[in-house]
Structures are given as C-alpha cells and as structure tokens.
Amino acid sequence: MPWPELNDCEASRAPGDRDLVSVQDVTGDNVADLLYRTDVSGRLLLRTGKAATSGGGVDLNSLGSAAASAGGSDAEYAASGWYRSDVRLMRGTPDVNGDKIPDIWALMADGSVRFYPGGKSSMGAPTTVISTGNWTYKQALG
Ligand SMILES: [Ca+2]
Ligand SMILES: [Ca+2]
C-alpha cells in the first residue's frame with residue numbers, strides 16, 4: 001500500500017515510495033511504533049512513538065514525522081533486501097512466535113513466503129515457510 005501522506009523532514013523523497021508494515025509496539029514500552037518500508041533504499045525503518053500525555057496510548061503526532069518521534073529520527077530496522085522488487089507483499093502482524101514483539105510475513109519475488117521475527121530494534125533472521133515458486137501469483141497476503 002503506497003503511503004504518500006507520511007510527513008517527513010526528508011522532503012526530497014517522492015511520495016509513494018513507502019509502505020506501511022505495522023503500527024504496533026515494537027520496542028516493548030507499551031507505546032505504538034510505526035514500522036515502514038522505504039523503496040528508495042530497500043530498508044525497513046522504525047519510528048518510535050511517544051506516550052500520550054493524557055488518556056493513555058500513543059501521541060499520534062509523534063508518529064507523524066521522524067523529528068517528532070521518541071527517537072528524533074527514523075532508525076534502520078532492516079538494512080537491505082526490502083525493495084518492492086525483493087518483497088512483493090508483506091504483512092505486519094501481532095506477535096506470532098511468543099516473544100511479545102510484532103512479526104512480519106513476507107511474499108518474496110521468487111514466490112516463497114518467509115516469516116520474519118521482529119526484534120525490539122532490528123529484524124531477526126527469516127524462516128522460509130512456503131518454498132520458492134509456490135505463491136508466485138498470489139495477489140494479496142493476509
Ligand atoms: Ca514502543
Ligand atoms: Ca514475535
């Protein structure tokens with residue numbers, strides 16, 4: 001899903017080069033974070049949310065721009081291999097493997113499906129759950 005609305009201080013980026021992966025607490029502080037893909041560099045980036053000052057939950061403004069986030073900038077969550085030409089479809093889910101950190105299912109360009117275990121600051125090593133070629137023509141994931 002292209003995400004042209006995402007406000008960011010890096011104004012040189014063209015709209016539509018980002019895909020939302022998930023809005024869940026990745027870092028473990030019970031405040032939602034924003035995980036997204038940038039097709040500019042084929043990476044996953046993590047924007048950490050700030051707690052709302054009243055009423056609980058996340059301060060939505062902290063997810064609106066890198067500068068307003070808890071970390072003050074978007075952190076690299078996965079360093080490479082996440083171009084749209086690498087990972088055709090992906091779906092961030094709540095925790096699957098029992099460590100309380102959200103995970104990702106990914107449909108690769110070769111038609112395989114991988115499970116990526118999330119970490120608090122970086123993506124873990126994947127497990128291939130459906131082998132090459134089997135899901136080549138799937139149009140949606142999840
Ligand atoms: Ca968090
Ligand atoms: Ca997990």
# chains A, B, ... in the order shown; residues from 1 in each chain; ligands from 1
call {"tool": "residues_around", "arguments": {"residues": "Pro126 (chain A)", "least_positions_apart": "3", "cutoff": "8 Å", "atoms": "only C-alpha atoms", "output": "tab-separated table (two decimals) with N, CA and C atoms, in the first residue's frame"}}
result
chain	number	residue	atom	x	y	z
A	114	ARG	N	8.18	-15.98	3.62
A	114	ARG	CA	9.07	-16.00	4.77
A	114	ARG	C	8.36	-15.44	6.00
A	115	PHE	N	8.76	-15.99	7.14
A	115	PHE	CA	8.38	-15.44	8.43
A	115	PHE	C	9.59	-14.70	8.99
A	116	TYR	N	9.41	-13.41	9.26
A	116	TYR	CA	10.48	-12.61	9.85
A	116	TYR	C	10.13	-12.30	11.30
A	117	PRO	N	10.91	-12.82	12.25
A	117	PRO	CA	10.65	-12.49	13.65
A	117	PRO	C	11.14	-11.09	13.97
call {"tool": "residues_near_ligand", "arguments": {"ligand": "ligand 1", "cutoff": "10 Å", "atoms": "only C-alpha atoms and all ligand atoms", "output": "mmCIF file with all heavy atoms, in the first residue's frame"}}
result
data_model
loop_
_atom_site.group_PDB
_atom_site.id
_atom_site.type_symbol
_atom_site.label_atom_id
_atom_site.label_comp_id
_atom_site.auth_asym_id
_atom_site.auth_seq_id
_atom_site.Cartn_x
_atom_site.Cartn_y
_atom_site.Cartn_z
ATOM 1 N N VAL A 23 1.704 -0.702 12.752
ATOM 2 C CA VAL A 23 1.682 0.287 13.828
ATOM 3 C C VAL A 23 1.372 -0.492 15.095
ATOM 4 O O VAL A 23 0.215 -0.745 15.425
ATOM 5 C CB VAL A 23 0.634 1.392 13.587
ATOM 6 C CG1 VAL A 23 0.679 2.419 14.727
ATOM 7 C CG2 VAL A 23 0.865 2.078 12.250
ATOM 8 N N GLN A 24 2.412 -0.934 15.742
ATOM 9 C CA GLN A 24 2.305 -1.727 16.964
ATOM 10 C C GLN A 24 3.512 -1.391 17.834
ATOM 11 O O GLN A 24 4.482 -0.821 17.364
ATOM 12 C CB GLN A 24 2.334 -3.227 16.638
ATOM 13 C CG GLN A 24 1.228 -3.670 15.700
ATOM 14 C CD GLN A 24 1.336 -5.147 15.377
ATOM 15 O OE1 GLN A 24 1.084 -5.991 16.212
ATOM 16 N NE2 GLN A 24 1.753 -5.437 14.159
ATOM 17 N N ASP A 25 3.440 -1.812 19.081
ATOM 18 C CA ASP A 25 4.599 -1.580 19.951
ATOM 19 C C ASP A 25 5.705 -2.579 19.617
ATOM 20 O O ASP A 25 5.581 -3.766 19.877
ATOM 21 C CB ASP A 25 4.193 -1.714 21.421
ATOM 22 C CG ASP A 25 5.383 -1.541 22.344
ATOM 23 O OD1 ASP A 25 6.329 -0.829 21.959
ATOM 24 O OD2 ASP A 25 5.358 -2.127 23.435
ATOM 25 N N VAL A 26 6.762 -2.076 19.042
ATOM 26 C CA VAL A 26 7.922 -2.910 18.705
ATOM 27 C C VAL A 26 8.949 -2.866 19.829
ATOM 28 O O VAL A 26 9.568 -3.869 20.176
ATOM 29 C CB VAL A 26 8.560 -2.429 17.373
ATOM 30 C CG1 VAL A 26 9.872 -3.149 17.103
ATOM 31 C CG2 VAL A 26 7.584 -2.626 16.221
ATOM 32 N N THR A 27 9.126 -1.706 20.429
ATOM 33 C CA THR A 27 10.227 -1.508 21.369
ATOM 34 C C THR A 27 9.953 -2.048 22.767
ATOM 35 O O THR A 27 10.871 -2.124 23.585
ATOM 36 C CB THR A 27 10.565 -0.010 21.470
ATOM 37 O OG1 THR A 27 9.396 0.690 21.936
ATOM 38 C CG2 THR A 27 10.982 0.544 20.125
ATOM 39 N N GLY A 28 8.687 -2.384 23.060
ATOM 40 C CA GLY A 28 8.384 -3.003 24.345
ATOM 41 C C GLY A 28 8.036 -2.041 25.464
ATOM 42 O O GLY A 28 7.998 -2.437 26.623
ATOM 43 N N ASP A 29 7.748 -0.775 25.129
ATOM 44 C CA ASP A 29 7.384 0.195 26.167
ATOM 45 C C ASP A 29 5.880 0.433 26.227
ATOM 46 O O ASP A 29 5.427 1.385 26.855
ATOM 47 C CB ASP A 29 8.123 1.514 25.938
ATOM 48 C CG ASP A 29 7.773 2.157 24.606
ATOM 49 O OD1 ASP A 29 7.008 1.545 23.827
ATOM 50 O OD2 ASP A 29 8.264 3.263 24.337
ATOM 51 N N ASN A 30 5.122 -0.413 25.560
ATOM 52 C CA ASN A 30 3.655 -0.323 25.522
ATOM 53 C C ASN A 30 3.140 0.904 24.791
ATOM 54 O O ASN A 30 1.987 1.297 24.962
ATOM 55 C CB ASN A 30 3.053 -0.389 26.933
ATOM 56 C CG ASN A 30 3.276 -1.744 27.572
ATOM 57 O OD1 ASN A 30 3.135 -2.771 26.912
ATOM 58 N ND2 ASN A 30 3.656 -1.749 28.833
ATOM 59 N N VAL A 31 3.974 1.540 23.995
ATOM 60 C CA VAL A 31 3.567 2.663 23.153
ATOM 61 C C VAL A 31 3.756 2.248 21.689
ATOM 62 O O VAL A 31 4.819 1.734 21.324
ATOM 63 C CB VAL A 31 4.410 3.918 23.457
ATOM 64 C CG1 VAL A 31 4.008 5.076 22.549
ATOM 65 C CG2 VAL A 31 4.265 4.310 24.922
ATOM 66 N N ALA A 32 2.745 2.483 20.871
ATOM 67 C CA ALA A 32 2.805 2.052 19.472
ATOM 68 C C ALA A 32 3.954 2.718 18.722
ATOM 69 O O ALA A 32 4.259 3.898 18.937
ATOM 70 C CB ALA A 32 1.479 2.364 18.778
ATOM 71 N N ASP A 33 4.574 1.970 17.855
ATOM 72 C CA ASP A 33 5.633 2.464 16.973
ATOM 73 C C ASP A 33 5.196 2.242 15.531
ATOM 74 O O ASP A 33 4.280 1.473 15.265
ATOM 75 C CB ASP A 33 6.936 1.704 17.245
ATOM 76 C CG ASP A 33 7.301 1.703 18.711
ATOM 77 O OD1 ASP A 33 7.435 2.806 19.280
ATOM 78 O OD2 ASP A 33 7.417 0.613 19.296
ATOM 79 N N LEU A 34 5.865 2.884 14.622
ATOM 80 C CA LEU A 34 5.494 2.801 13.223
ATOM 81 C C LEU A 34 6.645 2.165 12.439
ATOM 82 O O LEU A 34 7.757 2.679 12.456
ATOM 83 C CB LEU A 34 5.187 4.212 12.713
ATOM 84 C CG LEU A 34 4.565 4.368 11.344
ATOM 85 C CD1 LEU A 34 3.776 5.664 11.312
ATOM 86 C CD2 LEU A 34 5.619 4.398 10.268
ATOM 87 N N LEU A 46 12.115 2.192 11.487
ATOM 88 C CA LEU A 46 11.272 2.196 12.682
ATOM 89 C C LEU A 46 11.195 3.602 13.252
ATOM 90 O O LEU A 46 12.226 4.234 13.527
ATOM 91 C CB LEU A 46 11.859 1.248 13.731
ATOM 92 C CG LEU A 46 11.096 1.168 15.060
ATOM 93 C CD1 LEU A 46 9.705 0.571 14.844
ATOM 94 C CD2 LEU A 46 11.889 0.351 16.077
ATOM 95 N N ARG A 47 9.961 4.058 13.421
ATOM 96 C CA ARG A 47 9.708 5.362 14.044
ATOM 97 C C ARG A 47 9.065 5.095 15.403
ATOM 98 O O ARG A 47 7.991 4.502 15.474
ATOM 99 C CB ARG A 47 8.779 6.181 13.158
ATOM 100 C CG ARG A 47 8.428 7.545 13.720
ATOM 101 C CD ARG A 47 7.711 8.381 12.700
ATOM 102 N NE ARG A 47 8.563 8.662 11.549
ATOM 103 C CZ ARG A 47 8.148 9.271 10.432
ATOM 104 N NH1 ARG A 47 6.892 9.665 10.333
ATOM 105 N NH2 ARG A 47 8.983 9.491 9.447
ATOM 106 N N THR A 48 9.723 5.505 16.461
ATOM 107 C CA THR A 48 9.254 5.175 17.805
ATOM 108 C C THR A 48 8.263 6.218 18.306
ATOM 109 O O THR A 48 8.504 7.420 18.220
ATOM 110 C CB THR A 48 10.439 5.073 18.780
ATOM 111 O OG1 THR A 48 11.269 6.225 18.624
ATOM 112 C CG2 THR A 48 11.264 3.824 18.484
ATOM 113 N N GLY A 49 7.154 5.730 18.837
ATOM 114 C CA GLY A 49 6.107 6.611 19.329
ATOM 115 C C GLY A 49 6.354 7.085 20.747
ATOM 116 O O GLY A 49 7.042 6.431 21.531
ATOM 117 N N LYS A 50 5.786 8.249 21.046
ATOM 118 C CA LYS A 50 5.806 8.782 22.407
ATOM 119 C C LYS A 50 4.455 8.496 23.053
ATOM 120 O O LYS A 50 3.418 8.529 22.385
ATOM 121 C CB LYS A 50 6.008 10.299 22.390
ATOM 122 C CG LYS A 50 7.370 10.762 21.911
ATOM 123 C CD LYS A 50 7.400 12.302 21.903
ATOM 124 C CE LYS A 50 8.737 12.817 21.411
ATOM 125 N NZ LYS A 50 8.706 14.293 21.210
ATOM 126 N N ALA A 51 4.472 8.296 24.345
ATOM 127 C CA ALA A 51 3.223 8.100 25.075
ATOM 128 C C ALA A 51 2.412 9.387 25.055
ATOM 129 O O ALA A 51 2.976 10.484 25.139
ATOM 130 C CB ALA A 51 3.518 7.684 26.510
ATOM 131 N N VAL A 58 -0.773 6.235 22.314
ATOM 132 C CA VAL A 58 0.352 6.913 21.684
ATOM 133 C C VAL A 58 -0.026 8.345 21.320
ATOM 134 O O VAL A 58 -1.171 8.636 20.989
ATOM 135 C CB VAL A 58 0.813 6.134 20.427
ATOM 136 C CG1 VAL A 58 -0.282 6.115 19.360
ATOM 137 C CG2 VAL A 58 2.108 6.703 19.858
ATOM 138 N N ALA A 70 9.864 9.594 19.287
ATOM 139 C CA ALA A 70 10.616 9.446 20.538
ATOM 140 C C ALA A 70 12.118 9.421 20.267
ATOM 141 O O ALA A 70 12.908 9.961 21.044
ATOM 142 C CB ALA A 70 10.187 8.173 21.258
ATOM 143 N N ILE A 101 6.945 -9.432 20.572
ATOM 144 C CA ILE A 101 7.348 -8.423 19.596
ATOM 145 C C ILE A 101 6.636 -8.734 18.279
ATOM 146 O O ILE A 101 6.627 -9.895 17.843
ATOM 147 C CB ILE A 101 8.881 -8.442 19.386
ATOM 148 C CG1 ILE A 101 9.594 -8.278 20.734
ATOM 149 C CG2 ILE A 101 9.300 -7.350 18.407
ATOM 150 C CD1 ILE A 101 11.090 -8.512 20.650
ATOM 151 N N LYS A 120 13.341 -5.925 19.052
ATOM 152 C CA LYS A 120 12.995 -4.613 19.592
ATOM 153 C C LYS A 120 13.642 -3.466 18.830
ATOM 154 O O LYS A 120 13.138 -2.349 18.838
ATOM 155 C CB LYS A 120 13.377 -4.540 21.075
ATOM 156 C CG LYS A 120 12.449 -5.375 21.928
ATOM 157 C CD LYS A 120 12.702 -5.169 23.407
ATOM 158 C CE LYS A 120 11.677 -5.952 24.214
ATOM 159 N NZ LYS A 120 11.871 -5.796 25.659
#
call {"tool": "closest_atom_pairs", "arguments": {"of": "chain A", "to": "ligand 2", "cutoff": "9 Å", "atoms": "only C-alpha atoms and all ligand atoms", "output": "tab-separated table"}}
result
residue	atom	partner	partner_atom_place_in_ligand_line	distance
A:Thr93	CA	ligand 2	1 (Ca)	8.8
A:Pro94	CA	ligand 2	1 (Ca)	7.3
A:Asp95	CA	ligand 2	1 (Ca)	4.1
A:Val96	CA	ligand 2	1 (Ca)	5.1
A:Asn97	CA	ligand 2	1 (Ca)	4.7
A:Gly98	CA	ligand 2	1 (Ca)	5.7
A:Asp99	CA	ligand 2	1 (Ca)	4.8
A:Lys100	CA	ligand 2	1 (Ca)	5.4
A:Ile101	CA	ligand 2	1 (Ca)	4.0
A:Pro102	CA	ligand 2	1 (Ca)	4.8
A:Asp103	CA	ligand 2	1 (Ca)	4.9
A:Ile104	CA	ligand 2	1 (Ca)	8.5
A:Tyr116	CA	ligand 2	1 (Ca)	8.5
A:Pro117	CA	ligand 2	1 (Ca)	5.2
A:Gly118	CA	ligand 2	1 (Ca)	5.3
A:Gly119	CA	ligand 2	1 (Ca)	7.2
call {"tool": "write_last_selection", "arguments": {"atoms": "N, CA and C atoms", "output": "PDB file, in the first residue's frame"}}
result
ATOM      1  N   THR A  93       2.173  -8.369  11.605  1.00  0.00           N
ATOM      2  CA  THR A  93       1.156  -8.984  12.456  1.00  0.00           C
ATOM      3  C   THR A  93       1.533  -8.794  13.918  1.00  0.00           C
ATOM      4  N   PRO A  94       0.572  -8.992  14.808  1.00  0.00           N
ATOM      5  CA  PRO A  94       0.948  -9.101  16.222  1.00  0.00           C
ATOM      6  C   PRO A  94       1.917 -10.279  16.397  1.00  0.00           C
ATOM      7  N   ASP A  95       2.427 -10.420  17.575  1.00  0.00           N
ATOM      8  CA  ASP A  95       3.429 -11.446  17.860  1.00  0.00           C
ATOM      9  C   ASP A  95       2.950 -12.850  17.476  1.00  0.00           C
ATOM     10  N   VAL A  96       3.773 -13.539  16.718  1.00  0.00           N
ATOM     11  CA  VAL A  96       3.467 -14.905  16.309  1.00  0.00           C
ATOM     12  C   VAL A  96       4.298 -15.922  17.100  1.00  0.00           C
ATOM     13  N   ASN A  97       5.540 -15.595  17.405  1.00  0.00           N
ATOM     14  CA  ASN A  97       6.448 -16.593  17.981  1.00  0.00           C
ATOM     15  C   ASN A  97       6.613 -16.507  19.494  1.00  0.00           C
ATOM     16  N   GLY A  98       5.782 -15.707  20.149  1.00  0.00           N
ATOM     17  CA  GLY A  98       5.725 -15.763  21.602  1.00  0.00           C
ATOM     18  C   GLY A  98       6.688 -14.873  22.358  1.00  0.00           C
ATOM     19  N   ASP A  99       7.401 -13.964  21.659  1.00  0.00           N
ATOM     20  CA  ASP A  99       8.323 -13.078  22.385  1.00  0.00           C
ATOM     21  C   ASP A  99       7.735 -11.689  22.619  1.00  0.00           C
ATOM     22  N   LYS A 100       6.467 -11.521  22.295  1.00  0.00           N
ATOM     23  CA  LYS A 100       5.723 -10.271  22.520  1.00  0.00           C
ATOM     24  C   LYS A 100       6.145  -9.136  21.589  1.00  0.00           C
ATOM     25  N   ILE A 101       6.945  -9.432  20.572  1.00  0.00           N
ATOM     26  CA  ILE A 101       7.348  -8.423  19.596  1.00  0.00           C
ATOM     27  C   ILE A 101       6.636  -8.734  18.279  1.00  0.00           C
ATOM     28  N   PRO A 102       6.029  -7.727  17.631  1.00  0.00           N
ATOM     29  CA  PRO A 102       5.327  -7.972  16.369  1.00  0.00           C
ATOM     30  C   PRO A 102       6.248  -8.570  15.298  1.00  0.00           C
ATOM     31  N   ASP A 103       5.670  -9.373  14.430  1.00  0.00           N
ATOM     32  CA  ASP A 103       6.439 -10.075  13.399  1.00  0.00           C
ATOM     33  C   ASP A 103       5.901  -9.712  12.019  1.00  0.00           C
ATOM     34  N   ILE A 104       6.554 -10.257  10.972  1.00  0.00           N
ATOM     35  CA  ILE A 104       6.181  -9.927   9.594  1.00  0.00           C
ATOM     36  C   ILE A 104       6.133 -11.193   8.744  1.00  0.00           C
ATOM     37  N   TYR A 116       9.414 -13.413   9.265  1.00  0.00           N
ATOM     38  CA  TYR A 116      10.483 -12.608   9.855  1.00  0.00           C
ATOM     39  C   TYR A 116      10.126 -12.299  11.301  1.00  0.00           C
ATOM     40  N   PRO A 117      10.911 -12.821  12.253  1.00  0.00           N
ATOM     41  CA  PRO A 117      10.650 -12.491  13.650  1.00  0.00           C
ATOM     42  C   PRO A 117      11.141 -11.086  13.968  1.00  0.00           C
ATOM     43  N   GLY A 118      10.269 -10.274  14.532  1.00  0.00           N
ATOM     44  CA  GLY A 118      10.667  -8.917  14.879  1.00  0.00           C
ATOM     45  C   GLY A 118      11.560  -8.906  16.109  1.00  0.00           C
ATOM     46  N   GLY A 119      12.442  -7.941  16.167  1.00  0.00           N
ATOM     47  CA  GLY A 119      13.220  -7.676  17.372  1.00  0.00           C
ATOM     48  C   GLY A 119      12.870  -6.289  17.865  1.00  0.00           C
TER      49      GLY A 119
END
call {"tool": "residues_around", "arguments": {"residues": "Asp86 (chain A)", "least_positions_apart": "5", "cutoff": "10 Å", "atoms": "only C-alpha atoms", "output": "list in words"}}
result
Gly42, Ser80, Gly81, Ala106, Leu107, Met108, Ala109 and Asp110 of chain A
call {"tool": "write_last_selection", "arguments": {"atoms": "N, CA, C and O atoms", "output": "PDB file, in the first residue's frame"}}
result
ATOM      1  N   GLY A  42      15.416   0.255  -0.023  1.00  0.00           N
ATOM      2  CA  GLY A  42      15.149  -1.157   0.238  1.00  0.00           C
ATOM      3  C   GLY A  42      15.300  -1.547   1.691  1.00  0.00           C
ATOM      4  O   GLY A  42      15.680  -2.666   2.007  1.00  0.00           O
ATOM      5  N   SER A  80      18.744  -4.052   4.342  1.00  0.00           N
ATOM      6  CA  SER A  80      18.706  -4.261   2.892  1.00  0.00           C
ATOM      7  C   SER A  80      17.737  -5.386   2.545  1.00  0.00           C
ATOM      8  O   SER A  80      17.280  -6.114   3.416  1.00  0.00           O
ATOM      9  N   GLY A  81      17.459  -5.481   1.256  1.00  0.00           N
ATOM     10  CA  GLY A  81      16.651  -6.606   0.771  1.00  0.00           C
ATOM     11  C   GLY A  81      15.156  -6.411   0.837  1.00  0.00           C
ATOM     12  O   GLY A  81      14.401  -7.360   0.666  1.00  0.00           O
ATOM     13  N   ALA A 106       6.212 -12.238   4.748  1.00  0.00           N
ATOM     14  CA  ALA A 106       6.648 -11.609   3.507  1.00  0.00           C
ATOM     15  C   ALA A 106       6.545 -12.575   2.337  1.00  0.00           C
ATOM     16  O   ALA A 106       6.995 -13.724   2.421  1.00  0.00           O
ATOM     17  N   LEU A 107       5.931 -12.103   1.253  1.00  0.00           N
ATOM     18  CA  LEU A 107       5.883 -12.869  -0.001  1.00  0.00           C
ATOM     19  C   LEU A 107       6.998 -12.336  -0.890  1.00  0.00           C
ATOM     20  O   LEU A 107       6.981 -11.185  -1.311  1.00  0.00           O
ATOM     21  N   MET A 108       7.968 -13.195  -1.151  1.00  0.00           N
ATOM     22  CA  MET A 108       9.159 -12.783  -1.873  1.00  0.00           C
ATOM     23  C   MET A 108       8.920 -12.822  -3.384  1.00  0.00           C
ATOM     24  O   MET A 108       7.995 -13.476  -3.876  1.00  0.00           O
ATOM     25  N   ALA A 109       9.800 -12.159  -4.122  1.00  0.00           N
ATOM     26  CA  ALA A 109       9.663 -12.099  -5.577  1.00  0.00           C
ATOM     27  C   ALA A 109       9.745 -13.486  -6.218  1.00  0.00           C
ATOM     28  O   ALA A 109       9.191 -13.708  -7.298  1.00  0.00           O
ATOM     29  N   ASP A 110      10.402 -14.433  -5.554  1.00  0.00           N
ATOM     30  CA  ASP A 110      10.522 -15.787  -6.119  1.00  0.00           C
ATOM     31  C   ASP A 110       9.334 -16.680  -5.790  1.00  0.00           C
ATOM     32  O   ASP A 110       9.354 -17.878  -6.069  1.00  0.00           O
TER      33      ASP A 110
END
call {"tool": "select_by_dssp", "arguments": {"residues": "chain A", "states": "alpha helix (DSSP H)", "output": "list in words"}}
result
Asn61, Ser62, Leu63 and Gly64 of chain A
call {"tool": "atom_distance", "arguments": {"atom1": "CA of Gly64 (chain A)", "atom2": "CA of Arg84 (chain A)"}}
result
23.0 Å
call {"tool": "residues_around", "arguments": {"residues": "Gly142 (chain A)", "least_positions_apart": "4", "cutoff": "9 Å", "atoms": "only C-alpha atoms", "output": "ChimeraX atom specification"}}
result
/A:90-91,105
call {"tool": "select_by_dssp", "arguments": {"residues": "chain A", "states": "strand (DSSP E or B)", "output": "ChimeraX atom specification"}}
result
/A:2,18-24,33-38,43-47,51,58,75-78,87-93,103-108,113-116,127-130
call {"tool": "write_last_selection", "arguments": {"atoms": "N, CA and C atoms", "output": "compact mmCIF listing (two decimals), in the first residue's frame"}}
result
# COMPACT_ATOMS: atom_id res chain seq x y z
N PRO A 2 0.87 2.04 -1.02
CA PRO A 2 1.65 3.28 -1.03
C PRO A 2 1.18 4.20 0.07
N ARG A 18 6.89 4.64 0.03
CA ARG A 18 6.85 3.98 1.33
C ARG A 18 5.64 3.06 1.44
N ASP A 19 5.83 2.00 2.22
CA ASP A 19 4.74 1.07 2.51
C ASP A 19 4.66 0.85 4.01
N LEU A 20 3.46 0.97 4.53
CA LEU A 20 3.25 0.73 5.95
C LEU A 20 3.37 -0.77 6.24
N VAL A 21 4.15 -1.12 7.23
CA VAL A 21 4.26 -2.51 7.66
C VAL A 21 3.38 -2.74 8.87
N SER A 22 3.55 -1.94 9.91
CA SER A 22 2.69 -2.10 11.07
C SER A 22 2.74 -0.86 11.95
N VAL A 23 1.70 -0.70 12.75
CA VAL A 23 1.68 0.29 13.83
C VAL A 23 1.37 -0.49 15.10
N GLN A 24 2.41 -0.93 15.74
CA GLN A 24 2.30 -1.73 16.96
C GLN A 24 3.51 -1.39 17.83
N ASP A 33 4.57 1.97 17.86
CA ASP A 33 5.63 2.46 16.97
C ASP A 33 5.20 2.24 15.53
N LEU A 34 5.87 2.88 14.62
CA LEU A 34 5.49 2.80 13.22
C LEU A 34 6.65 2.16 12.44
N LEU A 35 6.34 1.04 11.81
CA LEU A 35 7.36 0.34 11.03
C LEU A 35 6.97 0.46 9.56
N TYR A 36 7.90 0.92 8.72
CA TYR A 36 7.58 1.07 7.31
C TYR A 36 8.76 0.72 6.43
N ARG A 37 8.43 0.45 5.18
CA ARG A 37 9.45 0.17 4.17
C ARG A 37 9.68 1.42 3.34
N THR A 38 10.94 1.67 3.01
CA THR A 38 11.23 2.69 2.01
C THR A 38 11.78 2.00 0.77
N ARG A 43 14.99 -0.61 2.58
CA ARG A 43 15.15 -0.88 4.01
C ARG A 43 13.80 -0.81 4.73
N LEU A 44 13.79 -1.34 5.96
CA LEU A 44 12.69 -1.11 6.88
C LEU A 44 13.17 -0.10 7.91
N LEU A 45 12.31 0.86 8.20
CA LEU A 45 12.66 1.90 9.18
C LEU A 45 11.63 1.90 10.30
N LEU A 46 12.11 2.19 11.49
CA LEU A 46 11.27 2.20 12.68
C LEU A 46 11.20 3.60 13.25
N ARG A 47 9.96 4.06 13.42
CA ARG A 47 9.71 5.36 14.04
C ARG A 47 9.07 5.10 15.40
N ALA A 51 4.47 8.30 24.35
CA ALA A 51 3.22 8.10 25.07
C ALA A 51 2.41 9.39 25.06
N VAL A 58 -0.77 6.24 22.31
CA VAL A 58 0.35 6.91 21.68
C VAL A 58 -0.03 8.34 21.32
N ALA A 75 14.90 5.00 12.76
CA ALA A 75 16.03 4.09 12.91
C ALA A 75 15.95 2.96 11.89
N GLU A 76 17.10 2.52 11.44
CA GLU A 76 17.14 1.40 10.50
C GLU A 76 16.76 0.12 11.23
N TYR A 77 15.76 -0.57 10.71
CA TYR A 77 15.27 -1.80 11.33
C TYR A 77 15.73 -3.02 10.53
N ALA A 78 15.79 -2.87 9.22
CA ALA A 78 16.36 -3.91 8.34
C ALA A 78 17.17 -3.18 7.28
N VAL A 87 10.60 -7.95 -2.08
CA VAL A 87 9.47 -8.41 -1.26
C VAL A 87 8.21 -7.85 -1.89
N ARG A 88 7.45 -8.73 -2.56
CA ARG A 88 6.29 -8.28 -3.32
C ARG A 88 5.16 -7.83 -2.40
N LEU A 89 4.90 -8.62 -1.38
CA LEU A 89 3.83 -8.31 -0.44
C LEU A 89 4.34 -8.60 0.97
N MET A 90 3.84 -7.86 1.93
CA MET A 90 4.22 -8.15 3.32
C MET A 90 3.08 -7.75 4.23
N ARG A 91 3.11 -8.34 5.40
CA ARG A 91 2.05 -8.06 6.36
C ARG A 91 2.63 -8.11 7.76
N GLY A 92 2.58 -6.98 8.42
CA GLY A 92 2.98 -6.95 9.82
C GLY A 92 1.84 -7.51 10.66
N THR A 93 2.17 -8.37 11.60
CA THR A 93 1.16 -8.98 12.46
C THR A 93 1.53 -8.79 13.92
N ASP A 103 5.67 -9.37 14.43
CA ASP A 103 6.44 -10.07 13.40
C ASP A 103 5.90 -9.71 12.02
N ILE A 104 6.55 -10.26 10.97
CA ILE A 104 6.18 -9.93 9.59
C ILE A 104 6.13 -11.19 8.74
N TRP A 105 5.10 -11.31 7.93
CA TRP A 105 5.05 -12.31 6.88
C TRP A 105 5.39 -11.60 5.57
N ALA A 106 6.21 -12.24 4.75
CA ALA A 106 6.65 -11.61 3.51
C ALA A 106 6.55 -12.58 2.34
N LEU A 107 5.93 -12.10 1.25
CA LEU A 107 5.88 -12.87 0.00
C LEU A 107 7.00 -12.34 -0.89
N MET A 108 7.97 -13.19 -1.15
CA MET A 108 9.16 -12.78 -1.87
C MET A 108 8.92 -12.82 -3.38
N VAL A 113 7.38 -17.72 0.72
CA VAL A 113 6.87 -16.93 1.83
C VAL A 113 7.81 -17.10 3.01
N ARG A 114 8.18 -15.98 3.62
CA ARG A 114 9.07 -16.00 4.77
C ARG A 114 8.36 -15.44 6.00
N PHE A 115 8.76 -15.99 7.14
CA PHE A 115 8.38 -15.44 8.43
C PHE A 115 9.59 -14.70 8.99
N TYR A 116 9.41 -13.41 9.26
CA TYR A 116 10.48 -12.61 9.85
C TYR A 116 10.13 -12.30 11.30
N THR A 127 12.63 -17.29 8.40
CA THR A 127 12.42 -18.71 8.14
C THR A 127 11.52 -18.81 6.91
N THR A 128 11.91 -19.62 5.93
CA THR A 128 11.05 -19.81 4.76
C THR A 128 9.97 -20.83 5.12
N VAL A 129 8.72 -20.42 5.00
CA VAL A 129 7.63 -21.30 5.39
C VAL A 129 6.89 -21.88 4.18
N ILE A 130 7.01 -21.23 3.04
CA ILE A 130 6.46 -21.77 1.79
C ILE A 130 7.56 -21.62 0.75
call {"tool": "atom_distance", "arguments": {"atom1": "CA of Tyr137 (chain A)", "atom2": "CA of Gly111 (chain A)"}}
result
7.4 Å
call {"tool": "atom_distance", "arguments": {"atom1": "CA of Met123 (chain A)", "atom2": "CA of Ala79 (chain A)"}}
result
9.0 Å
